[in-house]
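Shown next: work-v5.cif, containing mmCIF, C-alpha atoms.
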data_run
#
loop_
_atom_site.label_atom_id
_atom_site.label_comp_id
_atom_site.auth_asym_id
_atom_site.auth_seq_id
_atom_site.Cartn_x
_atom_site.Cartn_y
_atom_site.Cartn_z
CA MET A 4 0.00 0.00 0.00
CA LYS A 5 1.37 3.39 -0.99
CA ARG A 6 1.66 5.82 1.93
CA LYS A 7 2.09 9.60 1.87
CA ILE A 8 5.25 9.27 3.96
CA ASP A 9 6.98 7.48 1.06
CA GLU A 10 7.59 10.83 -0.66
CA ASN A 11 9.02 12.32 2.52
CA LEU A 12 11.36 9.36 2.94
CA LEU A 13 12.56 9.77 -0.64
CA LYS A 14 13.29 13.47 -0.04
CA TRP A 15 15.24 12.45 3.06
CA LYS A 16 17.25 9.89 1.07
CA ASN A 17 18.13 12.43 -1.61
CA SER A 18 19.04 15.19 0.84
CA SER A 19 22.70 16.16 0.92
CA ASP A 20 22.64 16.92 4.64
CA LYS A 21 20.51 14.08 5.95
CA LYS A 22 21.01 12.61 9.41
CA PRO A 23 19.70 9.38 10.97
CA LEU A 24 15.91 9.48 10.80
CA LEU A 25 13.78 8.59 13.83
CA LEU A 26 10.47 7.20 12.57
CA TYR A 27 7.84 7.20 15.30
CA GLY A 28 4.12 6.49 15.60
CA ASN A 29 1.61 4.26 17.33
CA LYS A 30 1.98 0.50 17.28
CA GLN A 31 0.64 -1.30 14.22
CA VAL A 32 0.54 1.78 11.93
CA GLY A 33 3.09 0.15 9.59
CA LYS A 34 6.40 1.74 10.59
CA THR A 35 8.51 -1.39 10.15
CA TYR A 36 6.79 -2.45 6.92
CA THR A 37 7.10 1.05 5.47
CA ALA A 38 10.81 1.30 6.29
CA ILE A 39 11.65 -2.14 4.91
CA LYS A 40 9.58 -1.58 1.76
CA PHE A 41 11.28 1.78 1.26
CA GLY A 42 14.67 0.08 1.58
CA GLU A 43 13.77 -2.66 -0.89
CA THR A 44 12.56 -0.09 -3.42
CA ASN A 45 15.30 2.51 -3.15
CA TYR A 46 18.53 0.76 -2.05
CA LYS A 47 20.72 -2.08 -3.25
CA ASN A 48 20.29 -3.79 0.10
CA THR A 49 18.61 -3.29 3.48
CA VAL A 50 20.09 -4.38 6.81
CA TYR A 51 17.62 -4.82 9.66
CA PHE A 52 18.32 -4.95 13.40
CA ASN A 53 15.72 -5.58 16.08
CA THR A 54 17.17 -3.74 19.08
CA GLU A 55 14.80 -5.31 21.61
CA ASN A 56 16.90 -7.35 24.08
CA ASN A 57 19.75 -7.37 21.54
CA VAL A 58 22.75 -7.71 23.83
CA GLU A 59 25.32 -7.88 21.03
CA LEU A 60 24.02 -4.69 19.45
CA TYR A 61 24.07 -2.97 22.82
CA LYS A 62 27.73 -3.96 23.28
CA ILE A 63 28.67 -2.45 19.91
CA PHE A 64 27.22 0.96 20.68
CA LYS A 65 28.42 0.92 24.26
CA LYS A 66 32.03 0.24 23.22
CA GLU A 67 32.65 1.69 19.74
CA ARG A 68 33.06 5.43 19.17
CA THR A 69 33.92 5.78 15.46
CA ILE A 70 31.74 5.28 12.40
CA ASP A 71 34.18 2.86 10.76
CA ARG A 72 34.34 0.63 13.83
CA ILE A 73 30.58 0.65 14.31
CA ILE A 74 29.92 -0.25 10.66
CA SER A 75 32.55 -2.99 10.76
CA ARG A 76 30.94 -4.57 13.84
CA LEU A 77 27.42 -4.22 12.39
CA MET A 78 28.49 -6.07 9.22
CA VAL A 79 29.86 -8.93 11.32
CA LEU A 80 26.70 -9.06 13.44
CA SER A 81 24.34 -9.03 10.45
CA ASN A 82 26.56 -10.99 8.04
CA GLU A 83 25.63 -8.33 5.45
CA SER A 84 27.59 -5.74 3.49
CA ILE A 85 26.86 -2.15 4.47
CA MET A 86 27.75 0.41 1.80
CA GLU A 87 27.53 4.18 1.93
CA ASN A 88 24.54 5.52 -0.05
CA ASP A 89 23.54 2.03 -1.25
CA THR A 90 22.45 0.41 2.04
CA LEU A 91 19.53 1.31 4.31
CA ILE A 92 20.21 0.38 7.95
CA ILE A 93 17.06 -0.08 10.06
CA PHE A 94 17.06 -0.23 13.85
CA ASP A 95 13.63 -1.36 15.06
CA ASN A 96 11.99 -1.13 18.52
CA VAL A 97 14.53 1.44 19.68
CA ASN A 98 14.21 2.16 23.41
CA ASP A 99 17.81 2.18 24.65
CA VAL A 100 19.54 5.55 25.06
CA ASP A 101 23.03 4.06 24.67
CA ILE A 102 22.14 2.63 21.26
CA VAL A 103 20.69 5.95 20.16
CA ASN A 104 23.71 7.87 21.43
CA GLY A 105 25.90 5.59 19.34
CA ILE A 106 23.77 6.17 16.26
CA LYS A 107 24.02 9.92 16.85
CA THR A 108 27.69 9.57 15.90
CA PHE A 109 26.47 9.34 12.30
CA GLY A 110 24.57 12.61 12.73
CA ARG A 111 27.61 14.52 13.99
CA ASN A 112 29.97 13.59 11.20
CA LYS A 113 29.60 13.86 7.42
CA ASN A 114 29.07 10.40 5.92
CA GLY A 115 26.99 8.53 3.36
CA TYR A 116 25.26 6.02 5.64
CA ASN A 117 21.44 5.94 5.58
CA ILE A 118 19.90 5.02 8.93
CA ILE A 119 16.27 4.77 10.10
CA LEU A 120 15.40 4.23 13.76
CA ILE A 121 11.88 3.08 14.70
CA THR A 122 10.05 3.56 18.00
CA SER A 123 6.44 3.38 19.20
CA ILE A 124 7.04 5.09 22.55
CA LYS A 125 6.54 8.82 22.09
CA GLU A 126 8.23 9.51 25.42
CA ASN A 127 11.41 8.43 23.63
CA LEU A 128 11.30 11.63 21.56
CA LYS A 129 12.32 13.55 24.67
CA ARG A 130 14.86 10.96 25.75
CA PHE A 131 16.48 10.78 22.32
CA LYS A 132 16.23 14.43 21.27
CA GLY A 133 19.21 16.08 19.67
CA GLU A 134 20.38 17.86 16.54
CA GLU A 135 22.06 14.65 15.40
CA LEU A 136 18.69 13.14 14.41
CA GLN A 137 15.81 13.99 12.08
CA TYR A 138 12.24 13.06 12.92
CA ARG A 139 9.20 11.86 11.03
CA MET A 140 5.83 10.60 12.30
CA LEU A 141 3.82 7.84 10.64
CA SER A 142 0.13 7.89 11.51
CA ASN A 143 -2.87 5.72 10.67
CA VAL A 144 -3.98 5.33 7.07
CA ASP A 145 -6.24 8.32 6.41
CA PHE A 146 -9.25 8.32 4.10
CA GLU A 147 -7.25 9.75 1.20
CA GLU A 148 -4.74 6.88 1.44
CA TYR A 149 -7.63 4.43 1.84
CA LEU A 150 -9.27 5.61 -1.38
CA ASN A 151 -5.94 5.51 -3.21
CA ALA A 152 -5.44 1.94 -2.03
CA LEU A 153 -8.86 1.12 -3.53
CA GLY A 154 -7.77 2.67 -6.83
CA LYS A 155 -10.12 5.63 -6.42
CA GLU A 156 -7.58 8.37 -7.10
CA GLN A 157 -10.02 10.29 -9.28
CA LEU A 158 -12.58 10.40 -6.45
CA VAL A 159 -9.88 11.93 -4.23
CA GLU A 160 -9.29 14.61 -6.88
CA PHE A 161 -13.02 15.41 -7.02
CA ILE A 162 -13.18 15.71 -3.21
CA MET A 163 -10.15 18.01 -3.02
CA LEU A 164 -11.43 20.19 -5.89
CA SER A 165 -14.84 20.59 -4.22
CA PHE A 166 -13.15 21.36 -0.91
CA ARG A 167 -11.09 24.15 -2.46
CA ASN A 168 -14.03 25.65 -4.38
CA ASN A 169 -16.82 25.04 -1.84
CA LYS A 170 -18.83 23.45 -4.64
CA PRO A 171 -20.98 20.27 -4.45
CA MET A 172 -19.09 17.06 -5.09
CA PRO A 173 -20.80 15.11 -7.92
CA PHE A 174 -20.18 11.66 -6.38
CA HIS A 175 -21.24 12.65 -2.87
CA ASN A 176 -23.25 9.53 -1.96
CA VAL A 177 -20.55 7.22 -3.31
CA ALA A 178 -17.93 8.96 -1.16
CA LEU A 179 -20.20 8.74 1.91
CA GLU A 180 -20.48 4.97 1.48
CA TYR A 181 -16.73 4.56 1.15
CA PHE A 182 -16.20 6.71 4.25
CA GLU A 183 -18.62 4.59 6.28
CA ASP A 184 -16.61 1.51 5.28
CA TYR A 185 -13.43 3.34 6.27
CA LEU A 186 -14.81 4.24 9.72
CA MET A 187 -15.65 0.59 10.35
CA THR A 188 -12.31 -0.65 9.01
CA GLY A 189 -10.14 1.97 10.70
CA GLY A 190 -6.71 3.10 9.63
CA MET A 191 -4.45 0.25 10.73
CA PRO A 192 -2.72 -1.01 7.54
CA GLU A 193 -3.36 -4.70 8.26
CA ALA A 194 -7.09 -4.01 8.67
CA VAL A 195 -7.16 -1.86 5.52
CA GLU A 196 -5.40 -4.56 3.47
CA LEU A 197 -7.90 -7.16 4.71
CA SER A 198 -10.85 -4.91 3.95
CA ILE A 199 -9.62 -4.31 0.41
CA ASN A 200 -8.58 -7.87 -0.42
CA SER A 201 -11.26 -9.91 1.34
CA GLU A 202 -15.03 -9.75 1.42
CA ASN A 203 -15.05 -11.46 4.82
CA THR A 204 -14.63 -8.60 7.29
CA LEU A 205 -15.25 -10.88 10.28
CA TYR A 206 -11.48 -11.20 10.55
CA LEU A 207 -11.24 -7.48 11.37
CA ASN A 208 -12.19 -8.17 14.97
CA SER A 209 -9.30 -10.61 15.33
CA ILE A 210 -6.92 -7.97 13.95
CA TYR A 211 -8.09 -5.39 16.46
CA ASP A 212 -8.02 -7.94 19.27
CA LYS A 213 -4.37 -8.51 18.34
CA ILE A 214 -3.71 -4.77 18.29
CA MET A 215 -5.32 -4.33 21.70
CA ASP A 216 -3.20 -7.21 23.03
CA SER A 217 -0.06 -5.46 21.73
CA TYR A 218 -1.14 -2.27 23.52
CA LYS A 219 -1.69 -4.12 26.76
CA LYS A 220 1.70 -5.83 26.40
CA GLU A 221 3.37 -2.43 26.09
CA ILE A 222 1.37 -1.06 29.01
CA SER A 223 2.41 -4.06 31.09
CA GLU A 224 6.01 -2.81 30.96
CA LEU A 225 5.10 0.05 33.29
CA ASP A 226 6.95 -0.09 36.61
CA ASN A 227 3.87 0.22 38.81
CA LEU A 228 1.47 -2.74 38.77
CA ILE A 229 -1.42 -0.52 39.87
CA ASP A 230 -0.84 1.87 36.96
CA ILE A 231 -0.86 -1.09 34.55
CA THR A 232 -4.30 -2.14 35.77
CA ARG A 233 -5.64 1.39 35.74
CA SER A 234 -4.31 2.13 32.25
CA ILE A 235 -6.14 -0.91 30.89
CA GLU A 236 -9.28 0.11 32.79
CA VAL A 237 -9.16 3.55 31.19
CA ILE A 238 -8.83 2.17 27.65
CA ASP A 239 -11.61 -0.33 28.21
CA SER A 240 -13.97 2.37 29.48
CA ILE A 241 -13.54 4.85 26.59
CA PRO A 242 -16.01 3.26 24.12
CA PHE A 243 -18.76 3.45 26.72
CA GLN A 244 -17.76 6.94 27.87
CA LEU A 245 -18.19 8.14 24.29
CA GLN A 246 -21.72 6.75 24.05
CA LYS A 247 -22.98 9.11 26.76
CA PRO A 248 -24.87 12.27 25.69
CA ASN A 249 -22.22 14.16 27.68
CA LYS A 250 -18.96 12.58 26.54
CA LYS A 251 -16.93 14.08 29.37
CA PHE A 252 -14.71 11.40 30.89
CA GLN A 253 -16.08 10.22 34.24
CA TYR A 254 -13.94 8.22 36.66
CA GLY A 255 -17.01 6.76 38.33
CA LEU A 256 -17.82 4.87 35.14
CA ILE A 257 -14.53 2.98 35.39
CA ARG A 258 -15.50 1.72 38.82
CA THR A 259 -17.70 2.94 41.64
CA GLY A 260 -15.89 5.57 43.69
CA GLY A 261 -13.12 6.05 41.08
CA ARG A 262 -11.23 9.32 41.54
CA SER A 263 -9.02 11.47 39.35
CA LYS A 264 -5.98 11.12 41.61
CA GLU A 265 -6.01 7.34 41.18
CA TYR A 266 -5.99 7.49 37.38
CA GLU A 267 -3.86 10.58 36.78
CA LYS A 268 -0.62 8.71 36.00
CA ALA A 269 -2.38 6.12 33.86
CA ILE A 270 -4.08 8.73 31.69
CA SER A 271 -0.86 10.73 31.39
CA PHE A 272 0.99 7.63 30.14
CA LEU A 273 -1.75 6.71 27.67
CA THR A 274 -2.05 10.21 26.19
CA THR A 275 1.70 10.88 26.08
CA ASN A 276 2.31 7.70 24.13
CA GLY A 277 -0.63 7.97 21.76
CA PHE A 278 -2.78 5.09 22.98
CA VAL A 279 -5.60 7.58 23.54
CA TYR A 280 -6.17 11.24 22.65
CA LYS A 281 -7.29 13.84 25.16
CA SER A 282 -9.51 16.85 24.46
CA ASN A 283 -9.73 19.44 27.24
CA LYS A 284 -12.74 21.62 27.85
CA ILE A 285 -12.48 25.38 27.37
CA SER A 286 -15.20 27.86 28.35
CA GLU A 287 -13.55 30.99 26.94
CA VAL A 288 -11.12 31.96 24.20
CA LYS A 289 -7.73 33.48 24.96
CA PHE A 290 -4.35 33.21 23.27
CA PRO A 291 -2.91 30.64 23.40
CA LEU A 292 -5.86 28.26 23.75
CA SER A 293 -3.78 26.14 26.12
CA SER A 294 -4.17 28.90 28.72
CA CYS A 295 -7.94 28.32 28.73
CA LYS A 296 -8.02 24.56 29.17
CA ASP A 297 -9.79 22.95 32.11
CA ASN A 298 -7.57 20.09 33.27
CA ASP A 299 -10.39 18.51 35.29
CA ASN A 300 -12.85 18.26 32.39
CA PHE A 301 -11.90 16.35 29.28
CA LYS A 302 -12.87 13.68 26.76
CA LEU A 303 -10.76 10.72 25.71
CA TYR A 304 -10.75 9.17 22.24
CA LEU A 305 -9.25 5.93 20.95
CA ASN A 306 -6.46 6.29 18.39
CA ASP A 307 -8.30 4.38 15.66
CA THR A 308 -11.96 4.19 14.61
CA GLY A 309 -11.64 0.51 13.70
CA LEU A 310 -10.53 -0.15 17.25
CA LEU A 311 -13.50 1.84 18.57
CA TYR A 312 -15.87 -0.03 16.25
CA SER A 313 -14.48 -3.33 17.52
CA ARG A 314 -14.66 -2.34 21.21
CA LEU A 315 -18.25 -1.17 20.80
CA TYR A 316 -19.06 -4.66 19.45
CA LEU A 317 -20.89 -3.17 16.49
CA THR A 318 -22.25 -4.80 13.38
CA LYS A 319 -22.53 -3.00 10.07
CA THR A 320 -26.33 -2.98 10.33
CA LYS A 321 -26.26 -1.50 13.83
CA PHE A 322 -23.69 1.11 12.85
CA LEU A 323 -25.51 2.30 9.73
CA SER A 324 -28.90 2.47 11.45
CA ASP A 325 -27.81 4.34 14.59
CA ASP A 326 -27.08 8.01 13.87
CA LYS A 327 -25.76 8.69 17.37
CA LEU A 328 -23.21 5.88 17.07
CA LYS A 329 -22.20 7.10 13.62
CA SER A 330 -21.78 10.63 14.97
CA THR A 331 -19.56 9.28 17.77
CA MET A 332 -17.38 7.47 15.24
CA ILE A 333 -17.12 10.61 13.11
CA GLU A 334 -16.14 12.66 16.17
CA ASN A 335 -13.41 10.16 17.02
CA SER A 336 -12.19 10.30 13.41
CA ILE A 337 -11.94 14.10 13.55
CA ALA A 338 -9.96 13.86 16.79
CA ILE A 339 -7.49 11.48 15.10
CA THR A 340 -7.19 13.77 12.07
CA LEU A 341 -6.49 16.87 14.17
CA ILE A 342 -3.91 15.04 16.31
CA ASN A 343 -2.14 13.76 13.18
CA LEU A 344 -2.07 17.33 11.86
CA GLY A 345 -0.25 18.38 15.01
CA PHE A 346 -3.06 20.17 16.86
CA ASN A 347 -3.95 19.95 20.53
CA LEU A 348 -7.59 19.02 21.13
CA TYR A 349 -10.09 21.32 22.84
CA TYR A 350 -13.87 21.43 22.99
CA TYR A 351 -16.01 24.36 24.05
CA GLN A 352 -18.79 24.20 26.62
CA SER A 353 -20.54 27.20 28.12
CA GLU A 354 -22.35 27.44 31.44
CA GLY A 355 -25.56 27.12 29.46
CA LYS A 356 -24.27 23.79 28.05
CA ALA A 357 -23.80 25.07 24.51
CA GLU A 358 -21.05 22.85 23.09
CA VAL A 359 -18.76 22.92 20.08
CA SER A 360 -17.08 19.58 19.41
CA PHE A 361 -13.59 20.93 18.60
CA VAL A 362 -11.80 24.26 18.74
CA VAL A 363 -8.35 24.62 17.20
CA GLN A 364 -5.86 27.43 16.98
CA THR A 365 -4.08 27.49 13.63
CA ARG A 366 -0.38 28.11 13.20
CA MET A 367 -1.27 31.69 12.27
CA GLY A 368 -3.08 32.09 15.61
CA LYS A 369 -6.59 32.01 14.16
CA VAL A 370 -9.27 30.22 16.24
CA ILE A 371 -11.48 27.84 14.22
CA PRO A 372 -14.47 26.07 15.86
CA ILE A 373 -15.50 22.73 14.34
CA GLU A 374 -19.03 21.45 14.81
CA ILE A 375 -20.40 18.03 13.86
CA VAL A 376 -23.91 17.98 12.44
CA ASN A 377 -25.77 14.77 11.65
CA LYS A 378 -28.40 15.30 8.95
CA ASN A 379 -30.94 13.23 10.90
CA MET A 380 -30.43 15.12 14.15
CA SER A 381 -31.40 18.68 15.05
CA LYS A 382 -28.71 21.27 14.27
CA ALA A 383 -27.36 22.89 17.39
CA LYS A 384 -27.03 26.65 17.69
CA SER A 385 -23.79 26.32 19.63
CA LEU A 386 -21.55 27.22 16.70
CA THR A 387 -23.37 30.50 16.00
CA LEU A 388 -23.37 31.38 19.70
CA PHE A 389 -19.62 30.68 19.88
CA MET A 390 -18.86 32.79 16.81
CA ASN A 391 -20.89 35.74 18.08
CA LYS A 392 -19.56 35.57 21.63
CA PHE A 393 -15.88 35.44 20.69
CA ASN A 394 -16.05 37.44 17.45
CA VAL A 395 -14.92 34.47 15.36
CA THR A 396 -15.41 34.97 11.63
CA GLU A 397 -14.59 31.48 10.30
CA ALA A 398 -15.88 28.06 11.29
CA VAL A 399 -16.28 24.50 10.02
CA ARG A 400 -19.33 22.28 10.08
CA ILE A 401 -18.79 18.56 9.45
CA THR A 402 -21.95 17.18 7.89
CA GLU A 403 -23.32 14.34 5.81
CA ASP A 404 -24.57 16.95 3.33
CA ASN A 405 -22.51 18.19 0.39
CA PHE A 406 -19.95 21.02 0.32
CA GLU A 407 -21.24 24.53 0.92
CA TYR A 408 -20.07 27.88 2.26
CA LYS A 409 -22.29 30.50 3.90
CA LYS A 410 -21.98 33.19 6.54
CA GLY A 411 -18.35 32.38 7.25
CA VAL A 412 -19.04 28.67 7.81
CA LYS A 413 -17.36 26.09 5.60
CA TYR A 414 -19.56 22.98 5.32
CA ILE A 415 -17.44 19.88 4.83
CA PRO A 416 -18.81 16.36 4.20
CA THR A 417 -17.57 13.75 6.65
CA TYR A 418 -15.48 12.07 3.95
CA ALA A 419 -13.46 15.26 3.39
CA ILE A 420 -12.06 15.50 6.92
CA PHE A 421 -8.59 14.70 5.55
CA CYS A 422 -8.74 17.98 3.55
CA LEU A 423 -8.57 19.99 6.79
CA LYS A 424 -4.78 19.92 6.41
CA ASP A 425 -5.17 22.48 3.62
CA TYR A 426 -7.45 24.76 5.64
CA LEU A 427 -6.27 24.91 9.23
#
Representation of the structure as C-alpha cells:
Amino acid sequence: MKRKIDENLLKWKNSSDKKPLLLYGNKQVGKTYTAIKFGETNYKNTVYFNTENNVELYKIFKKERTIDRIISRLMVLSNESIMENDTLIIFDNVNDVDIVNGIKTFGRNKNGYNIILITSIKENLKRFKGEELQYRMLSNVDFEEYLNALGKEQLVEFIMLSFRNNKPMPFHNVALEYFEDYLMTGGMPEAVELSINSENTLYLNSIYDKIMDSYKKEISELDNLIDITRSIEVIDSIPFQLQKPNKKFQYGLIRTGGRSKEYEKAISFLTTNGFVYKSNKISEVKFPLSSCKDNDNFKLYLNDTGLLYSRLYLTKTKFLSDDKLKSTMIENSIAITLINLGFNLYYYQSEGKAEVSFVVQTRMGKVIPIEIVNKNMSKAKSLTLFMNKFNVTEAVRITEDNFEYKKGVKYIPTYAIFCLKDYL
C-alpha cells in the first residue's frame, strides 16, 4: 500500500545533509513495513536490526566510538555488506539511550550512511532528542490513502477540488459509502489490506483484538502494577464513555468511587504515548488556547476508529442504522485527524451547556471552531453562539450533506475530513 510518507522518505534519502531518521508512531501503523519496503525499493540492500533485548548490538554501541568501527561490527553481526549511499540500515523497537547515542555519531559527522530508527514510545522523543537526528511521524492510514489503495484516485481529486471551491461534489453519496466503510475498518494497515482484499470482514475483529493485546503488552512494561491495571481500565472504558450524551470522561464509570488522583498517572501515560487522545474543555477563548483549558474536564478518544468499532461490538447494520453511534465514530475520526495534523484538542462548553465539538488554533493564531452535524439530528445553535460571543469569523461544520459555504461557515462532508490539512 502506498503511503504519503513514502515521498518524505525519498526526499530524506536524496538530501545532501541528511542525518539518521527517527520514525515514530503508534503501534501497528506500519512503521517497520514502510521502512523495509522503502529500503527494498530505493537501495541495493537493506540491513535490519531488532534492538529489543539485543545484547550484542548494545555492546557495539556501548564500546565503539567511530563510524568505521561501528559499521565494521554491524556487518559482522548481520553478516551483510553495508555500503555508503547504497544500504539502508534499520534499527527497530529502539528504546535504549546508549544505542541511540551511538547512532548519533552518524549525525555529527559527514558520511553517506542511511539510517532509520523506529520507535512506538513517544516519550522516547524527549529521551532521544538532539540535533544529530531527524524526525518523522507515521500515523494511521487516512481516508485519502484508503481511497488511493482502492484505486479511487479520481474520487480523491473530485473531493479536493470541491473542498477548495466550496462546490458540491458530484459523487457525494458514493464517497459517503466509502467513508462509512473506512470508519468501520479503521486506519491500521493490516485491517485496511484485509478490507480491500477480502469480502469477509469478520477477521477485522481478530486484527483489532491482536492490536489491543499489543497495547496491553506495552502497558504491562510500566513499573507500577497498579498503573498497569488502571491504564487498561481507562482504555476499556472509553467506548462506553463516548456513548454518553455528555462525553466528558467520568472516573465513576470505570469503577464505583473512582477518583481522578487514582488514574492521573495512567491517563498521562496513555495520552503521552498515543494510545488515547485527550480533548480538554475550554469555556472561553484566549491566546494561546492552552491557557484556557480545564484540566479537570476532558474527553478521551481511541487512536483508531476501527478499534472503537471493535470495542463497541458493532455490526454493520447496527452502525448504519444508529445516527448517534455514527456521529460518535465521526467525532473520534476528527480527533485522530487533528492530532495527526499536530493540533492539541479542545472542545467548548458554556455554562448554558452550549457545546462545540472541537476548537483549534491554527499556526497563524486564528481560532477555528468545528461542529459536527448529523443530517438526521437537530442542528445545534452552539456554533453560531460561539462565533458571536468570541467574534470568530470562520468556522467549520462537518456534515453528511454536500460542500457549501455560507456566513463564514465552511460545510465539509464527513469524507473530506482529511482535507482539513489544507485549511487549518
Discussion item. For the provided coordinates, the residues matched by the PyMOL selection byres ((chain A and resi 53) around 8) should be stated as a list in words.
Written reply: Tyr51, Phe52, Thr54, Glu55, Asn57, Phe94, Asp95, Asn96 and Val97 of chain A
Selected residues written out, C-alpha atoms, as a short mmCIF file (atom, residue, chain, number, x, y, z; two decimals), in the frame of the given file:
data_model
loop_
_atom_site.label_atom_id
_atom_site.label_comp_id
_atom_site.auth_asym_id
_atom_site.auth_seq_id
_atom_site.Cartn_x
_atom_site.Cartn_y
_atom_site.Cartn_z
CA TYR A 51 17.62 -4.82 9.66
CA PHE A 52 18.32 -4.95 13.40
CA THR A 54 17.17 -3.74 19.08
CA GLU A 55 14.80 -5.31 21.61
CA ASN A 57 19.75 -7.37 21.54
CA PHE A 94 17.06 -0.23 13.85
CA ASP A 95 13.63 -1.36 15.06
CA ASN A 96 11.99 -1.13 18.52
CA VAL A 97 14.53 1.44 19.68
#
Discussion item. For this structure, which residues satisfy the selection - the PyMOL selection byres ((chain A and resi 250-257) around 10) - when it is evaluated on the file as given? I want them as a VMD selection string.
Written reply: chain A and resid 233 236 to 241 243 to 249 258 to 266 281 to 284 299 to 304 331
Discussion item. Take the PyMOL selection byres ((chain A and resi 117) around 12), run it mentally on this structure, and tell me the resulting residues as a PyMOL selection string.
Written reply: chain A and resi 12-13+15-25+38+41-42+45-50+74+85-94+106+109-110+113-116+118-120+136-137
Discussion item. Measuring between only C-alpha atoms, which one of A:Ile235, A:Lys132, A:Ser123, A:Val159 shows the shortest distance to A:Phe421?
Written reply: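 For A:Phe421, the nearest of the given residues is A:Val159.
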Worksheet entry | Given all atoms listed in the file as the counted atoms, nearest of A:Ser234, A:Asp145, A:Asn176, A:Arg366 to A:Phe346 | A:Arg366
Discussion item. Nearest residue to A:Gly33 out of A:Pro192, A:Gly309, A:Pro171, A:Pro416, using all atoms listed in the file?
Written reply: A:Pro192
Worksheet, complete the sentence: Of A:Glu196, A:Asp425, A:Glu160, A:Glu403, the one nearest to A:Glu180 when counting all atoms listed in the file is A:Glu403
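Distance-wise, atom CA of A:Leu323 and atom CA of A:Val362 end up 27.4 Å apart.
Compared by their closest atoms to A:Met78, and using only C-alpha atoms, the residues A:Ile124, A:Ile63, A:Ile375, A:Val288 rank with A:Ile63 nearest.
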Discussion item. Excluding stretch 64-67 of chain A and its own-chain neighbours fewer than 5 positions away, which residues fall within 7 Å of it when counting all atoms listed in the file? Please give them as a ChimeraX atom specification.
Written reply: /A:72-73,101-102,105
Item to complete: Find the residue from A:Ile214, A:Ile285, A:Arg139, A:Asp297 that sits nearest to A:Ser360; use only C-alpha atoms when measuring.
Response: A:Ile285
Please identify all polymer residues within 10 Å of A:Thr417, counting all atoms listed in the file, omitting same-chain residues fewer than 4 positions from it, and present them as a PDB file with C-alpha atoms, in the frame of the given file.
ATOM      1  CA  ALA A 178     -17.930   8.960  -1.160  1.00  0.00           C
ATOM      2  CA  LEU A 179     -20.200   8.740   1.910  1.00  0.00           C
ATOM      3  CA  PHE A 182     -16.200   6.710   4.250  1.00  0.00           C
ATOM      4  CA  GLU A 183     -18.620   4.590   6.280  1.00  0.00           C
ATOM      5  CA  SER A 330     -21.780  10.630  14.970  1.00  0.00           C
ATOM      6  CA  ILE A 333     -17.120  10.610  13.110  1.00  0.00           C
ATOM      7  CA  GLU A 334     -16.140  12.660  16.170  1.00  0.00           C
ATOM      8  CA  SER A 336     -12.190  10.300  13.410  1.00  0.00           C
ATOM      9  CA  ILE A 337     -11.940  14.100  13.550  1.00  0.00           C
ATOM     10  CA  ILE A 375     -20.400  18.030  13.860  1.00  0.00           C
ATOM     11  CA  VAL A 376     -23.910  17.980  12.440  1.00  0.00           C
ATOM     12  CA  ASN A 377     -25.770  14.770  11.650  1.00  0.00           C
ATOM     13  CA  ARG A 400     -19.330  22.280  10.080  1.00  0.00           C
ATOM     14  CA  ILE A 401     -18.790  18.560   9.450  1.00  0.00           C
ATOM     15  CA  THR A 402     -21.950  17.180   7.890  1.00  0.00           C
ATOM     16  CA  GLU A 403     -23.320  14.340   5.810  1.00  0.00           C
ATOM     17  CA  ASP A 404     -24.570  16.950   3.330  1.00  0.00           C
ATOM     18  CA  ASN A 405     -22.510  18.190   0.390  1.00  0.00           C
ATOM     19  CA  PHE A 406     -19.950  21.020   0.320  1.00  0.00           C
ATOM     20  CA  PHE A 421      -8.590  14.700   5.550  1.00  0.00           C
TER      21      PHE A 421
END
Worksheet item: What gap, in Å, lies between atom CA of A:Ser293 and atom CA of A:Tyr349?
Response: 8.6 Å
Worksheet item: Could you tell me, as number ranges by chain, which residues have any atom at most 7 Å from (30.9, -6.7, 19.9), counting all atoms listed in the file?
Response: A: 59, 62-63, 76
With C-alpha atoms retained, write the just-selected residues as a tab-separated table (two decimals), in the frame of the given file.
chain	number	residue	atom	x	y	z
A	59	GLU	CA	25.32	-7.88	21.03
A	62	LYS	CA	27.73	-3.96	23.28
A	63	ILE	CA	28.67	-2.45	19.91
A	76	ARG	CA	30.94	-4.57	13.84
Worksheet item: Could you state the separation of atom CA of A:Tyr351 and atom CA of A:Glu287 in Å, given to one decimal place?
Response: 7.6 Å
Item to complete: Using all atoms listed in the file, determine which residues lie at most 12 Å from A:Lys424, disregarding the query and same-chain residues fewer than 5 positions distant; provide the list as a list in words.
Response: Asp145, Glu147, Met163, Phe166, Arg167, Ile337, Thr340, Leu341, Ile342, Asn343, Leu344, Gly345, Phe346, Thr365, Arg366 and Ala419 of chain A
